[in-house]
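Here's the structure, in structure tokens; my notes come after.
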Amino acid sequence: MVRIIPHLWFDTRAREAAAFYCEIFPESKITNTVVRRDTPSGDAELVSFVLSGQPYMVISAGPHFKFNEAISLVVYCETQAEIDDYWKKLSADPDAEQCGWLKDKFGLSWQIVPSFMATVMDEADPEMMARVTRVVLAMKKFDLAVIHQAYDGR
């Protein structure tokens with residue numbers, strides 16, 4: 001079976017990042033840690049872990065590559081309490097917060113999104129989409145009640 005496993009490059013804090021993420025998300029654990037000696041980047045620590053059932057790999061291999069907003073991890077949330085909790089645990093750069101996006105203390109971008117947004121995106125009503133888009137673009141952290149009001153036309 002073919003598996004797609006996201007692989008993230010950290011300068012020096014891969015194990016710390018994996019442990020941090022495993023503390024935040026349920027059904028998560030580090031599954032393996034190994035140091036590869038004498039790679040082109042020097043000694044590189046590889047960490048395999050699972051977040052909520054999804055496998056990941058991270059590497060500490062030097063400052064050659066940096067995260068940017070071209071990649072983000074999406075977390076779908078059922079309630080405002082979930083949104084608030086993940087936001088509080090993950091957001092480390094208030095200047096990077098916009099439209100449900102945040103950056104954590106390692107510079108990785110996340111999207112903390114209400115599951116309800118999947119329903120919104122499937123709708124064909126252009127007026128509703130305009131209302132929802134208007135309120136969503138004005139938000140940093142999503143406010144589920146305000147999004148529902150825009151969706152319902154209130």
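Letters A, B, ... mark the chains of the structure tokens in the order given; residue numbers begin at 1 per chain; ligand numbers begin at 1, in order shown.
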
| chain A: which residues are helix (DSSP H, G or I) by DSSP, as a ChimeraX atom specification? | /A:14-24,80-90,94-96,116-122,126-137,144-152

>> Nearest residue to Asp84 of chain A out of A:Phe49, A:Phe142, A:Trp110, A:Trp101, using only C-alpha atoms?
In response: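 Comparing A:Phe49, A:Phe142, A:Trp110, A:Trp101 against Asp84 of chain A, the winner is A:Phe142.
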
Where does DSSP see strand (DSSP E or B) in segment 7-126 of chain A, if you list the residues as a PyMOL selection string? chain A and resi 7-10+29-39+42-51+54-60+72-77+98+101-103+109-114

Restricting the calculation to only C-alpha atoms: of A:Ile71, A:Ala17, A:Met117, A:Leu46, which residue gets closest to Lys105 of chain A?
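Using only C-alpha atoms, the shortest distance to Lys105 of chain A belongs to A:Ala17.
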
Provide the atom CA of Val135 of chain A to atom CA of Ala81 of chain A distance in Å, to one decimal place.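 Separation between atom CA of Val135 of chain A and atom CA of Ala81 of chain A: 19.4 Å.
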
If you count only C-alpha atoms, the residue of A:Gly53, A:Gly42, A:Pro26, A:Pro63 closest to Thr12 of chain A turns out to be A:Pro63

Which one is closest to Val74 of chain A: A:Pro114, A:Gly62, A:Gly153, A:Pro94? Count only C-alpha atoms.
->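 The closest residue to Val74 of chain A is A:Pro114.
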
Could you pull the residues within 12 Å of Asp43 of chain A, counting only C-alpha atoms, minus those fewer than 4 positions along the same chain, as a list in words? Asp11, Thr12, Val34, Val35, Arg36, Arg37, Asp38, Thr39, Ile59, Ser60, Ala61 and Gly62 of chain A

If you count only C-alpha atoms, the residue of A:Trp87, A:Tyr56, A:Phe65, A:Phe106 closest to Asp143 of chain A turns out to be A:Trp87

For Val120 of chain A, the closest of A:Ile147, A:Leu137, A:Cys77, A:Leu108 counting only C-alpha atoms is A:Ile147

| request: To one decimal in Å, tell me the separation between atom CA of Val136 of chain A and atom CA of Leu51 of chain A. | output: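 Distance reported for this atom pair: 27.1 Å.
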
Excluding Ala145 of chain A and any residue of its chain fewer than 5 positions from it, enumerate the residues within 10 Å of it, using only C-alpha atoms, and give them as a ChimeraX atom specification. /A:79-80,150-151

Requested in this report: Provide the atom CA of Gln149 of chain A to atom CA of Tyr76 of chain A distance in Å, to one decimal place.
Outcome: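 Going from atom CA of Gln149 of chain A over to atom CA of Tyr76 of chain A, I get 19.4 Å.
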
Discussion item. Can you pull out the residues contacting Lys89 of chain A? Cut-off 12 Å, using only C-alpha atoms, and skip same-chain residues under 5 positions away; I want them as a VMD selection string.
Written reply: chain A and resid 20 to 25 82 to 84 102 to 105 110 112

Non-local contacts of Met121 of chain A (12 Å; only C-alpha atoms; under 4 positions in same chain excluded) as a CSV table (one decimal) with C-alpha atoms, in the first residue's frame:
```
chain,number,residue,atom,x,y,z
A,114,PRO,CA,-14.5,24.8,11.4
A,115,SER,CA,-15.6,21.6,9.8
A,116,PHE,CA,-18.7,23.5,8.8
A,117,MET,CA,-16.6,25.3,6.2
A,125,ASP,CA,-25.3,30.4,-3.7
A,126,PRO,CA,-23.1,33.3,-4.7
A,128,MET,CA,-24.1,33.4,0.7
A,129,MET,CA,-20.5,32.8,-0.4
A,130,ALA,CA,-19.9,36.6,-0.6
A,132,VAL,CA,-19.2,34.3,4.4
A,133,THR,CA,-16.1,35.3,2.5
A,151,TYR,CA,-24.2,31.7,6.1
```
